[in-house]
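> Next up is a structure, given as structure tokens.
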Amino acid sequence: MRDNSNGRITKAAPALYPHQWSWDAAFNAIGLASIDLPRARLELDSLFAGQWRNGLLPHIVFDPNAEGYWPGPAQWECSLHSEEATAAPATSGIIDPPVHAIAVDRILSVATAAGGPERERTEAWADSMYPKLLAWHRFLARDRADKETGLMTLFHGWESGTDNSPRWDVPYAGVEVGPGLPRYVRKDKAHVSDAAQRPTDREYDRYLWLVEEAKRASYDAGLLRQIGSFQVGDVLFTAIFACASDLLAKLATRLRKPNDADELKDYAAQARAAVYCRVDEASGLAADVDLRTGKSLTTETIAGFAPLIAGGMPTTLRHQLIDRLTGPQWAGHPSLKYPLPPSTTPGSAAYNPACYWRGPVWPVFTWLLTWALSRSGDHEVAGQLRAASLDQLGDEAFAEYYHPVTGAPLGSLSQSWTAAVALDWLLDEE
């Protein structure tokens with residue numbers, strides 16, 4: 001992680017991802033908290049320097065000194081198309097899952113345990129960070145909550161963080177790439193050992209066409225609801241918003257802001273209810289919604305376990321879902337190298353064990369599950385997943401993701417957030 005730092009931000013990865021990604025930065029701050037509280041605080045300060053005036057927290061804050069990543073600032077042109085965007089630092093115009101309040105809560109927890117001046121500094125920092133987090137959550141509740149389903153609306157698969165997941169096959173199939181798509185040369189495939197580990201060129205055409213749509217709509221959610229060819233209600237994103245709003249409400253209470261706390265608790269309750277409304281009774285898994293057609297997107301992906309992350313499940317139903325998570329269709333599948341849930345179940349026709357979010361195991365997602373399970377009191381299962389993931393990371397490659405059957409490291413190596421969650425697992429004594 002120190003190798004990937006430029007002193008102000010932690011690059012998501014040394015070559016493929018040389019800038020600061022939003023939810024990567026939050027996980028990086030979680031990992032840094034146990035070893036360097038000032039650096040953990042700076043990670044989030046640097047990220048929120050790119051926050052837009054309307055509260056939007058972009059999924060990339062670009063490092064002006066880094067080169068080689070595409071699409072870069074010249075393709076997004078955010079400040080040219082939207083008065084809400086910052087001119088500097090340059091950013092993208094879409095979002096990432098809102099895990100940031102989780103990171104602030106973790107940083108505060110470490111600082112409280114440390115005591116002394118660092119506790120005082122961190123509490124003062126959290127006070128200054130709070131209005132930015134509140135603006136971010138208010139943006140999501142105002143601009144992204146779908147009125148019909150209550151789910152958070154995404155206008156690009158990248159906003160989910162699970163870019164090419166089978167979750168999005170159906171809505172992406174309806175995206176027709178127009179004649180205005182600029183010509184481009186992909187650079188991402190040069191940074192992996194096998195281009196098959198990355199999304200296809202056809203998928204990338206659709207990704208970049210959605211960027212063009214967002215620019216034509218001035219990055220305005222209201223306009224995108226009218227013209228956007230990709231509009232989905234994301235159960236995983238909504239579940240993260242629910243638990244993050246709970247934690248932000250806790251911070252509001254600590255700062256003696258009771259009205260804000262009530263508002264945030266309402267956000268959490270509404271988001272949690274929206275996730276539970278999408279749960280299939282037979283499987284216990286939650287399904288996304290194609291908001292253009294109103295149809296459920298029933299897929300066998302890790303996002304189906306969103307109710308565990310949202311929290312508040314009745315004990316019996318939670319245990320049933322945990323049994324499914326650890327059972328033979330998922331982490332307990334006999335073909336797997338380690339008992340860890342793959343991003344898509346091996347029993348799915350869409351399963352591809354070497355390709356990005358279509359099969360590989362992502363340590364950062366395993367961390368999110370262990371965090372949620374510990375929060376609900378399921379410490380034994382959380383500990384089992386933690387131990388298995390640390391065994392997987394024993395190769396010290398800290399890969400972006402891993403082949404579920406062979407255990408081979410895939411994607412970009414020396415990935416910061418993979419190292420970050422390993423740090424947190426190793427150093428967390430709670």
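Chain labels A, B, ... are given in the sequence in which chains occur in the structure tokens; within each chain residues are numbered consecutively from 1, and ligands are likewise numbered from 1 in the order shown.
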Which residues come within 12 Å of A:Gly377, counting only C-alpha atoms, excluding same-chain residues fewer than 2 positions away, as a list in words?
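Residues meeting the cut-off are Leu308, Gly311, Gly312, Met313, Thr315, Arg318, His319, Thr370, Trp371, Ala372, Leu373, Ser374, Arg375, His379, Glu380, Val381, Ala382 and Gly383 of chain A.
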> Can you pull out every residue from stretch 68-192 of chain A that DSSP, working from the backbone, puts in alpha helix (DSSP H), and format the result as a ChimeraX atom specification?
/A:73-76,78-81,100-114,116-139,169-173
> Using only C-alpha atoms, find each residue in stretch 357-379 of chain A having at least one atom no more than 10 Å away from stretch 161-170 of chain A; report its shortest atom-to-atom pair and that distance in Å (one decimal), rows by chain then rising number, as a Markdown table.

```
| residue | atom | partner | partner_atom | distance |
| --- | --- | --- | --- | --- |
| A:Trp357 | CA | A:Ser165 | CA | 4.9 |
| A:Arg358 | CA | A:Ser165 | CA | 5.4 |
| A:Gly359 | CA | A:Ser165 | CA | 8.7 |
```
> Taking only C-alpha atoms into account, name the residue in A:Asn352, A:Ser160, A:Asn28, A:Thr366 that is nearest to A:His100.
A:Asn28
> Do a neighbour search on stretch 407-413 of chain A at 6 Å with only C-alpha atoms, toss out local chain neighbours closer than 5 positions, and write the hits as an NGL selection string.
:A and (192 or 337 or 397-402)
> I need the chosen residues saved as a PDB file, in the first residue's frame, with all heavy atoms.

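Listing of again24.pdb after writing:
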```pdb
ATOM      1  N   VAL A 192      -3.011  -7.212 -17.762  1.00  0.00           N
ATOM      2  CA  VAL A 192      -3.350  -8.520 -17.220  1.00  0.00           C
ATOM      3  C   VAL A 192      -2.671  -9.579 -18.076  1.00  0.00           C
ATOM      4  O   VAL A 192      -2.312  -9.340 -19.224  1.00  0.00           O
ATOM      5  CB  VAL A 192      -4.877  -8.744 -17.193  1.00  0.00           C
ATOM      6  CG1 VAL A 192      -5.545  -7.780 -16.236  1.00  0.00           C
ATOM      7  CG2 VAL A 192      -5.495  -8.624 -18.583  1.00  0.00           C
ATOM      8  N   LYS A 337     -11.122 -24.086  -4.688  1.00  0.00           N
ATOM      9  CA  LYS A 337      -9.837 -24.214  -4.016  1.00  0.00           C
ATOM     10  C   LYS A 337      -9.954 -23.850  -2.539  1.00  0.00           C
ATOM     11  O   LYS A 337      -9.382 -24.507  -1.670  1.00  0.00           O
ATOM     12  CB  LYS A 337      -8.814 -23.295  -4.710  1.00  0.00           C
ATOM     13  CG  LYS A 337      -7.462 -23.191  -4.033  1.00  0.00           C
ATOM     14  CD  LYS A 337      -6.587 -24.385  -4.288  1.00  0.00           C
ATOM     15  CE  LYS A 337      -5.168 -24.145  -3.805  1.00  0.00           C
ATOM     16  NZ  LYS A 337      -4.303 -25.309  -4.030  1.00  0.00           N
ATOM     17  N   ALA A 397       0.426 -12.069  -3.628  1.00  0.00           N
ATOM     18  CA  ALA A 397       0.253 -11.354  -4.899  1.00  0.00           C
ATOM     19  C   ALA A 397      -0.734 -10.202  -4.739  1.00  0.00           C
ATOM     20  O   ALA A 397      -0.700  -9.246  -5.505  1.00  0.00           O
ATOM     21  CB  ALA A 397      -0.230 -12.313  -5.983  1.00  0.00           C
ATOM     22  N   PHE A 398      -1.626 -10.320  -3.753  1.00  0.00           N
ATOM     23  CA  PHE A 398      -2.674  -9.317  -3.499  1.00  0.00           C
ATOM     24  C   PHE A 398      -3.380  -8.947  -4.805  1.00  0.00           C
ATOM     25  O   PHE A 398      -3.447  -7.782  -5.191  1.00  0.00           O
ATOM     26  CB  PHE A 398      -2.096  -8.088  -2.794  1.00  0.00           C
ATOM     27  CG  PHE A 398      -1.502  -8.426  -1.457  1.00  0.00           C
ATOM     28  CD1 PHE A 398      -0.124  -8.437  -1.274  1.00  0.00           C
ATOM     29  CD2 PHE A 398      -2.318  -8.792  -0.402  1.00  0.00           C
ATOM     30  CE1 PHE A 398       0.423  -8.792  -0.045  1.00  0.00           C
ATOM     31  CE2 PHE A 398      -1.776  -9.148   0.827  1.00  0.00           C
ATOM     32  CZ  PHE A 398      -0.402  -9.153   1.012  1.00  0.00           C
ATOM     33  N   ALA A 399      -3.876  -9.987  -5.450  1.00  0.00           N
ATOM     34  CA  ALA A 399      -4.524  -9.804  -6.751  1.00  0.00           C
ATOM     35  C   ALA A 399      -5.884  -9.134  -6.592  1.00  0.00           C
ATOM     36  O   ALA A 399      -6.514  -9.168  -5.536  1.00  0.00           O
ATOM     37  CB  ALA A 399      -4.691 -11.147  -7.442  1.00  0.00           C
ATOM     38  N   GLU A 400      -6.329  -8.557  -7.689  1.00  0.00           N
ATOM     39  CA  GLU A 400      -7.642  -7.934  -7.741  1.00  0.00           C
ATOM     40  C   GLU A 400      -8.727  -8.979  -7.460  1.00  0.00           C
ATOM     41  O   GLU A 400      -9.680  -8.722  -6.717  1.00  0.00           O
ATOM     42  CB  GLU A 400      -7.825  -7.329  -9.133  1.00  0.00           C
ATOM     43  CG  GLU A 400      -9.048  -6.474  -9.311  1.00  0.00           C
ATOM     44  CD  GLU A 400      -9.090  -5.840 -10.707  1.00  0.00           C
ATOM     45  OE1 GLU A 400      -8.227  -6.175 -11.557  1.00  0.00           O
ATOM     46  OE2 GLU A 400      -9.979  -5.015 -10.934  1.00  0.00           O
ATOM     47  N   TYR A 401      -8.571 -10.172  -8.048  1.00  0.00           N
ATOM     48  CA  TYR A 401      -9.498 -11.269  -7.828  1.00  0.00           C
ATOM     49  C   TYR A 401      -8.765 -12.570  -8.100  1.00  0.00           C
ATOM     50  O   TYR A 401      -7.635 -12.566  -8.624  1.00  0.00           O
ATOM     51  CB  TYR A 401     -10.755 -11.138  -8.702  1.00  0.00           C
ATOM     52  CG  TYR A 401     -10.509 -10.731 -10.144  1.00  0.00           C
ATOM     53  CD1 TYR A 401     -10.409 -11.681 -11.166  1.00  0.00           C
ATOM     54  CD2 TYR A 401     -10.413  -9.390 -10.496  1.00  0.00           C
ATOM     55  CE1 TYR A 401     -10.201 -11.305 -12.482  1.00  0.00           C
ATOM     56  CE2 TYR A 401     -10.210  -8.998 -11.819  1.00  0.00           C
ATOM     57  CZ  TYR A 401     -10.099  -9.958 -12.808  1.00  0.00           C
ATOM     58  OH  TYR A 401      -9.889  -9.579 -14.111  1.00  0.00           O
ATOM     59  N   TYR A 402      -9.403 -13.705  -7.723  1.00  0.00           N
ATOM     60  CA  TYR A 402      -8.733 -15.002  -7.773  1.00  0.00           C
ATOM     61  C   TYR A 402      -9.608 -16.043  -8.473  1.00  0.00           C
ATOM     62  O   TYR A 402     -10.835 -16.024  -8.342  1.00  0.00           O
ATOM     63  CB  TYR A 402      -8.414 -15.494  -6.353  1.00  0.00           C
ATOM     64  CG  TYR A 402      -7.244 -14.761  -5.730  1.00  0.00           C
ATOM     65  CD1 TYR A 402      -7.398 -13.491  -5.185  1.00  0.00           C
ATOM     66  CD2 TYR A 402      -5.980 -15.336  -5.706  1.00  0.00           C
ATOM     67  CE1 TYR A 402      -6.330 -12.813  -4.622  1.00  0.00           C
ATOM     68  CE2 TYR A 402      -4.897 -14.674  -5.141  1.00  0.00           C
ATOM     69  CZ  TYR A 402      -5.079 -13.410  -4.612  1.00  0.00           C
ATOM     70  OH  TYR A 402      -4.004 -12.731  -4.063  1.00  0.00           O
TER      71      TYR A 402
END
```
> Out of A:Val110, A:Leu151, A:Glu396, A:Ala66, which residue has the shortest atom-to-atom distance to A:Ala269 when counting only C-alpha atoms?
A:Leu151
> Of the residues A:Ile30, A:Ile309, A:Ala15, A:Ala88, which is the one nearest to A:Trp52, using only C-alpha atoms?
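Among A:Ile30, A:Ile309, A:Ala15, A:Ala88, it is A:Ala88 that comes nearest to A:Trp52.
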> Write out as a PDB file with all heavy atoms, in the first residue's frame the residues lying within 9 Å of A:Ala25, counting only C-alpha atoms and excluding same-chain residues fewer than 2 positions away.

```
ATOM      1  N   ILE A   9      -2.836  10.198  -2.217  1.00  0.00           N
ATOM      2  CA  ILE A   9      -3.827   9.155  -2.484  1.00  0.00           C
ATOM      3  C   ILE A   9      -3.115   7.807  -2.583  1.00  0.00           C
ATOM      4  O   ILE A   9      -1.897   7.745  -2.806  1.00  0.00           O
ATOM      5  CB  ILE A   9      -4.608   9.411  -3.791  1.00  0.00           C
ATOM      6  CG1 ILE A   9      -3.689   9.210  -5.013  1.00  0.00           C
ATOM      7  CG2 ILE A   9      -5.253  10.789  -3.792  1.00  0.00           C
ATOM      8  CD1 ILE A   9      -4.422   9.130  -6.338  1.00  0.00           C
ATOM      9  N   THR A  10      -3.886   6.758  -2.414  1.00  0.00           N
ATOM     10  CA  THR A  10      -3.398   5.416  -2.685  1.00  0.00           C
ATOM     11  C   THR A  10      -3.969   4.988  -4.021  1.00  0.00           C
ATOM     12  O   THR A  10      -5.190   4.872  -4.179  1.00  0.00           O
ATOM     13  CB  THR A  10      -3.845   4.428  -1.588  1.00  0.00           C
ATOM     14  OG1 THR A  10      -3.430   4.920  -0.317  1.00  0.00           O
ATOM     15  CG2 THR A  10      -3.236   3.060  -1.821  1.00  0.00           C
ATOM     16  N   LYS A  11      -3.106   4.794  -4.984  1.00  0.00           N
ATOM     17  CA  LYS A  11      -3.564   4.317  -6.287  1.00  0.00           C
ATOM     18  C   LYS A  11      -4.263   2.968  -6.106  1.00  0.00           C
ATOM     19  O   LYS A  11      -3.814   2.144  -5.309  1.00  0.00           O
ATOM     20  CB  LYS A  11      -2.383   4.179  -7.244  1.00  0.00           C
ATOM     21  CG  LYS A  11      -1.724   5.500  -7.630  1.00  0.00           C
ATOM     22  CD  LYS A  11      -0.528   5.281  -8.543  1.00  0.00           C
ATOM     23  CE  LYS A  11       0.655   4.707  -7.769  1.00  0.00           C
ATOM     24  NZ  LYS A  11       1.878   4.637  -8.611  1.00  0.00           N
ATOM     25  N   ALA A  12      -5.323   2.764  -6.851  1.00  0.00           N
ATOM     26  CA  ALA A  12      -6.043   1.502  -6.722  1.00  0.00           C
ATOM     27  C   ALA A  12      -5.130   0.320  -7.064  1.00  0.00           C
ATOM     28  O   ALA A  12      -5.226  -0.745  -6.458  1.00  0.00           O
ATOM     29  CB  ALA A  12      -7.280   1.504  -7.604  1.00  0.00           C
ATOM     30  N   GLN A  20      -7.551   7.446  -8.058  1.00  0.00           N
ATOM     31  CA  GLN A  20      -8.256   7.117  -6.823  1.00  0.00           C
ATOM     32  C   GLN A  20      -9.708   6.759  -7.150  1.00  0.00           C
ATOM     33  O   GLN A  20     -10.461   7.596  -7.640  1.00  0.00           O
ATOM     34  CB  GLN A  20      -8.201   8.297  -5.850  1.00  0.00           C
ATOM     35  CG  GLN A  20      -8.681   7.954  -4.450  1.00  0.00           C
ATOM     36  CD  GLN A  20      -8.544   9.122  -3.489  1.00  0.00           C
ATOM     37  OE1 GLN A  20      -8.769  10.268  -3.861  1.00  0.00           O
ATOM     38  NE2 GLN A  20      -8.185   8.847  -2.240  1.00  0.00           N
ATOM     39  N   TRP A  21     -10.060   5.505  -6.888  1.00  0.00           N
ATOM     40  CA  TRP A  21     -11.435   5.049  -7.076  1.00  0.00           C
ATOM     41  C   TRP A  21     -12.183   5.187  -5.755  1.00  0.00           C
ATOM     42  O   TRP A  21     -11.641   4.945  -4.682  1.00  0.00           O
ATOM     43  CB  TRP A  21     -11.470   3.604  -7.559  1.00  0.00           C
ATOM     44  CG  TRP A  21     -11.521   3.487  -9.047  1.00  0.00           C
ATOM     45  CD1 TRP A  21     -12.607   3.149  -9.806  1.00  0.00           C
ATOM     46  CD2 TRP A  21     -10.455   3.710  -9.983  1.00  0.00           C
ATOM     47  NE1 TRP A  21     -12.271   3.150 -11.147  1.00  0.00           N
ATOM     48  CE2 TRP A  21     -10.963   3.489 -11.282  1.00  0.00           C
ATOM     49  CE3 TRP A  21      -9.113   4.079  -9.837  1.00  0.00           C
ATOM     50  CZ2 TRP A  21     -10.194   3.620 -12.427  1.00  0.00           C
ATOM     51  CZ3 TRP A  21      -8.337   4.222 -10.967  1.00  0.00           C
ATOM     52  CH2 TRP A  21      -8.872   3.995 -12.243  1.00  0.00           C
ATOM     53  N   SER A  22     -13.453   5.544  -5.847  1.00  0.00           N
ATOM     54  CA  SER A  22     -14.218   5.931  -4.675  1.00  0.00           C
ATOM     55  C   SER A  22     -14.336   4.828  -3.628  1.00  0.00           C
ATOM     56  O   SER A  22     -13.937   5.013  -2.475  1.00  0.00           O
ATOM     57  CB  SER A  22     -15.612   6.403  -5.101  1.00  0.00           C
ATOM     58  OG  SER A  22     -16.413   6.729  -4.000  1.00  0.00           O
ATOM     59  N   TRP A  23     -14.892   3.665  -3.998  1.00  0.00           N
ATOM     60  CA  TRP A  23     -15.044   2.673  -2.935  1.00  0.00           C
ATOM     61  C   TRP A  23     -13.732   1.971  -2.644  1.00  0.00           C
ATOM     62  O   TRP A  23     -13.514   1.518  -1.523  1.00  0.00           O
ATOM     63  CB  TRP A  23     -16.224   1.755  -3.170  1.00  0.00           C
ATOM     64  CG  TRP A  23     -16.211   0.683  -4.220  1.00  0.00           C
ATOM     65  CD1 TRP A  23     -15.609   0.698  -5.441  1.00  0.00           C
ATOM     66  CD2 TRP A  23     -16.904  -0.565  -4.126  1.00  0.00           C
ATOM     67  NE1 TRP A  23     -15.888  -0.468  -6.119  1.00  0.00           N
ATOM     68  CE2 TRP A  23     -16.691  -1.259  -5.345  1.00  0.00           C
ATOM     69  CE3 TRP A  23     -17.703  -1.161  -3.150  1.00  0.00           C
ATOM     70  CZ2 TRP A  23     -17.223  -2.523  -5.598  1.00  0.00           C
ATOM     71  CZ3 TRP A  23     -18.240  -2.414  -3.401  1.00  0.00           C
ATOM     72  CH2 TRP A  23     -17.993  -3.085  -4.600  1.00  0.00           C
ATOM     73  N   PHE A  27     -12.128   1.413   1.282  1.00  0.00           N
ATOM     74  CA  PHE A  27     -11.513   0.193   1.806  1.00  0.00           C
ATOM     75  C   PHE A  27     -10.040   0.423   2.140  1.00  0.00           C
ATOM     76  O   PHE A  27      -9.524  -0.120   3.128  1.00  0.00           O
ATOM     77  CB  PHE A  27     -11.674  -0.948   0.806  1.00  0.00           C
ATOM     78  CG  PHE A  27     -13.072  -1.498   0.731  1.00  0.00           C
ATOM     79  CD1 PHE A  27     -13.862  -1.282  -0.381  1.00  0.00           C
ATOM     80  CD2 PHE A  27     -13.607  -2.224   1.781  1.00  0.00           C
ATOM     81  CE1 PHE A  27     -15.154  -1.779  -0.457  1.00  0.00           C
ATOM     82  CE2 PHE A  27     -14.900  -2.725   1.720  1.00  0.00           C
ATOM     83  CZ  PHE A  27     -15.678  -2.499   0.598  1.00  0.00           C
ATOM     84  N   ASN A  28      -9.352   1.221   1.318  1.00  0.00           N
ATOM     85  CA  ASN A  28      -7.958   1.532   1.624  1.00  0.00           C
ATOM     86  C   ASN A  28      -7.849   2.237   2.969  1.00  0.00           C
ATOM     87  O   ASN A  28      -6.933   1.967   3.759  1.00  0.00           O
ATOM     88  CB  ASN A  28      -7.360   2.406   0.518  1.00  0.00           C
ATOM     89  CG  ASN A  28      -7.186   1.662  -0.788  1.00  0.00           C
ATOM     90  OD1 ASN A  28      -7.195   0.433  -0.818  1.00  0.00           O
ATOM     91  ND2 ASN A  28      -7.038   2.393  -1.880  1.00  0.00           N
ATOM     92  N   ALA A  29      -8.768   3.152   3.236  1.00  0.00           N
ATOM     93  CA  ALA A  29      -8.753   3.868   4.519  1.00  0.00           C
ATOM     94  C   ALA A  29      -9.000   2.917   5.676  1.00  0.00           C
ATOM     95  O   ALA A  29      -8.409   3.060   6.753  1.00  0.00           O
ATOM     96  CB  ALA A  29      -9.804   4.977   4.495  1.00  0.00           C
ATOM     97  N   ILE A  30      -9.868   1.925   5.473  1.00  0.00           N
ATOM     98  CA  ILE A  30     -10.126   0.925   6.513  1.00  0.00           C
ATOM     99  C   ILE A  30      -8.842   0.167   6.831  1.00  0.00           C
ATOM    100  O   ILE A  30      -8.492  -0.058   7.998  1.00  0.00           O
ATOM    101  CB  ILE A  30     -11.239  -0.038   6.055  1.00  0.00           C
ATOM    102  CG1 ILE A  30     -12.601   0.679   6.074  1.00  0.00           C
ATOM    103  CG2 ILE A  30     -11.283  -1.289   6.926  1.00  0.00           C
ATOM    104  CD1 ILE A  30     -13.714  -0.079   5.381  1.00  0.00           C
ATOM    105  N   GLU A  43      -6.669   9.831   3.109  1.00  0.00           N
ATOM    106  CA  GLU A  43      -7.222   9.089   1.972  1.00  0.00           C
ATOM    107  C   GLU A  43      -8.635   9.572   1.655  1.00  0.00           C
ATOM    108  O   GLU A  43      -8.981   9.818   0.491  1.00  0.00           O
ATOM    109  CB  GLU A  43      -7.224   7.591   2.281  1.00  0.00           C
ATOM    110  CG  GLU A  43      -7.558   6.706   1.108  1.00  0.00           C
ATOM    111  CD  GLU A  43      -6.445   6.646   0.077  1.00  0.00           C
ATOM    112  OE1 GLU A  43      -5.277   6.950   0.408  1.00  0.00           O
ATOM    113  OE2 GLU A  43      -6.747   6.284  -1.082  1.00  0.00           O
ATOM    114  N   LEU A  44      -9.447   9.714   2.680  1.00  0.00           N
ATOM    115  CA  LEU A  44     -10.816  10.158   2.455  1.00  0.00           C
ATOM    116  C   LEU A  44     -10.896  11.656   2.188  1.00  0.00           C
ATOM    117  O   LEU A  44     -11.730  12.107   1.396  1.00  0.00           O
ATOM    118  CB  LEU A  44     -11.692   9.775   3.649  1.00  0.00           C
ATOM    119  CG  LEU A  44     -11.940   8.273   3.807  1.00  0.00           C
ATOM    120  CD1 LEU A  44     -12.824   7.991   5.016  1.00  0.00           C
ATOM    121  CD2 LEU A  44     -12.577   7.675   2.553  1.00  0.00           C
ATOM    122  N   LEU A  47     -10.210  12.029  -1.451  1.00  0.00           N
ATOM    123  CA  LEU A  47     -11.340  11.585  -2.258  1.00  0.00           C
ATOM    124  C   LEU A  47     -12.456  12.636  -2.267  1.00  0.00           C
ATOM    125  O   LEU A  47     -12.976  13.008  -3.321  1.00  0.00           O
ATOM    126  CB  LEU A  47     -11.885  10.262  -1.720  1.00  0.00           C
ATOM    127  CG  LEU A  47     -13.127   9.735  -2.436  1.00  0.00           C
ATOM    128  CD1 LEU A  47     -12.786   9.280  -3.845  1.00  0.00           C
ATOM    129  CD2 LEU A  47     -13.755   8.587  -1.648  1.00  0.00           C
ATOM    130  N   HIS A 100     -18.432   4.673   2.361  1.00  0.00           N
ATOM    131  CA  HIS A 100     -17.556   5.640   3.024  1.00  0.00           C
ATOM    132  C   HIS A 100     -17.863   5.831   4.499  1.00  0.00           C
ATOM    133  O   HIS A 100     -16.943   6.005   5.311  1.00  0.00           O
ATOM    134  CB  HIS A 100     -17.612   6.952   2.250  1.00  0.00           C
ATOM    135  CG  HIS A 100     -17.448   6.733   0.783  1.00  0.00           C
ATOM    136  ND1 HIS A 100     -18.527   6.436  -0.039  1.00  0.00           N
ATOM    137  CD2 HIS A 100     -16.341   6.686  -0.003  1.00  0.00           C
ATOM    138  CE1 HIS A 100     -18.086   6.235  -1.271  1.00  0.00           C
ATOM    139  NE2 HIS A 100     -16.772   6.370  -1.273  1.00  0.00           N
ATOM    140  N   SER A 416      -4.476  -2.408  -4.191  1.00  0.00           N
ATOM    141  CA  SER A 416      -4.443  -1.777  -2.870  1.00  0.00           C
ATOM    142  C   SER A 416      -5.544  -2.287  -1.953  1.00  0.00           C
ATOM    143  O   SER A 416      -5.298  -2.596  -0.785  1.00  0.00           O
ATOM    144  CB  SER A 416      -4.537  -0.260  -3.012  1.00  0.00           C
ATOM    145  OG  SER A 416      -3.398   0.256  -3.650  1.00  0.00           O
ATOM    146  N   TRP A 417      -6.783  -2.358  -2.453  1.00  0.00           N
ATOM    147  CA  TRP A 417      -7.845  -2.713  -1.520  1.00  0.00           C
ATOM    148  C   TRP A 417      -7.774  -4.163  -1.086  1.00  0.00           C
ATOM    149  O   TRP A 417      -8.256  -4.518  -0.012  1.00  0.00           O
ATOM    150  CB  TRP A 417      -9.211  -2.322  -2.051  1.00  0.00           C
ATOM    151  CG  TRP A 417      -9.779  -3.045  -3.245  1.00  0.00           C
ATOM    152  CD1 TRP A 417      -9.196  -4.015  -4.010  1.00  0.00           C
ATOM    153  CD2 TRP A 417     -11.084  -2.843  -3.784  1.00  0.00           C
ATOM    154  NE1 TRP A 417     -10.054  -4.415  -5.009  1.00  0.00           N
ATOM    155  CE2 TRP A 417     -11.227  -3.718  -4.892  1.00  0.00           C
ATOM    156  CE3 TRP A 417     -12.151  -2.014  -3.451  1.00  0.00           C
ATOM    157  CZ2 TRP A 417     -12.387  -3.779  -5.670  1.00  0.00           C
ATOM    158  CZ3 TRP A 417     -13.309  -2.076  -4.230  1.00  0.00           C
ATOM    159  CH2 TRP A 417     -13.417  -2.949  -5.317  1.00  0.00           C
TER     160      TRP A 417
END
```
> Applying 9 Å and only C-alpha atoms, which residues near A:Arg8 remain after dropping the ones on its own chain fewer than 6 positions away? List them as a list in words.
Arg39, Leu42, Glu43 and Ser46 of chain A
> From a DSSP calculation on the backbone, collect every residue of stretch 204-412 of chain A in strand (DSSP E or B) and output the set as a ChimeraX atom specification.
/A:232-234,279,286,288-290,295-297,301,344,361,401-402,409-410
> Considering only C-alpha atoms, return as a list of chain:residue names whatever protein or nucleic-acid residues lie within 9 Å of A:Gly50, sequence-local ones (same chain, fewer than 2 positions apart) excluded.
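After dropping sequence-adjacent residues, the list is A:Ser46, A:Leu47, A:Phe48, A:Trp52, A:Leu57, A:Pro58, A:Ile60, A:Val61, A:Phe62, A:Ala85, A:Thr86, A:Ala87, A:Ala88, A:Pro89, A:Ala90, A:Thr91.
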> Given the choices A:Leu210, A:Ile107, A:Val361, A:Met152, which gets closest to A:Arg272 if the distance is worked out from only C-alpha atoms?
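Among the listed residues, A:Met152 lies closest to A:Arg272.
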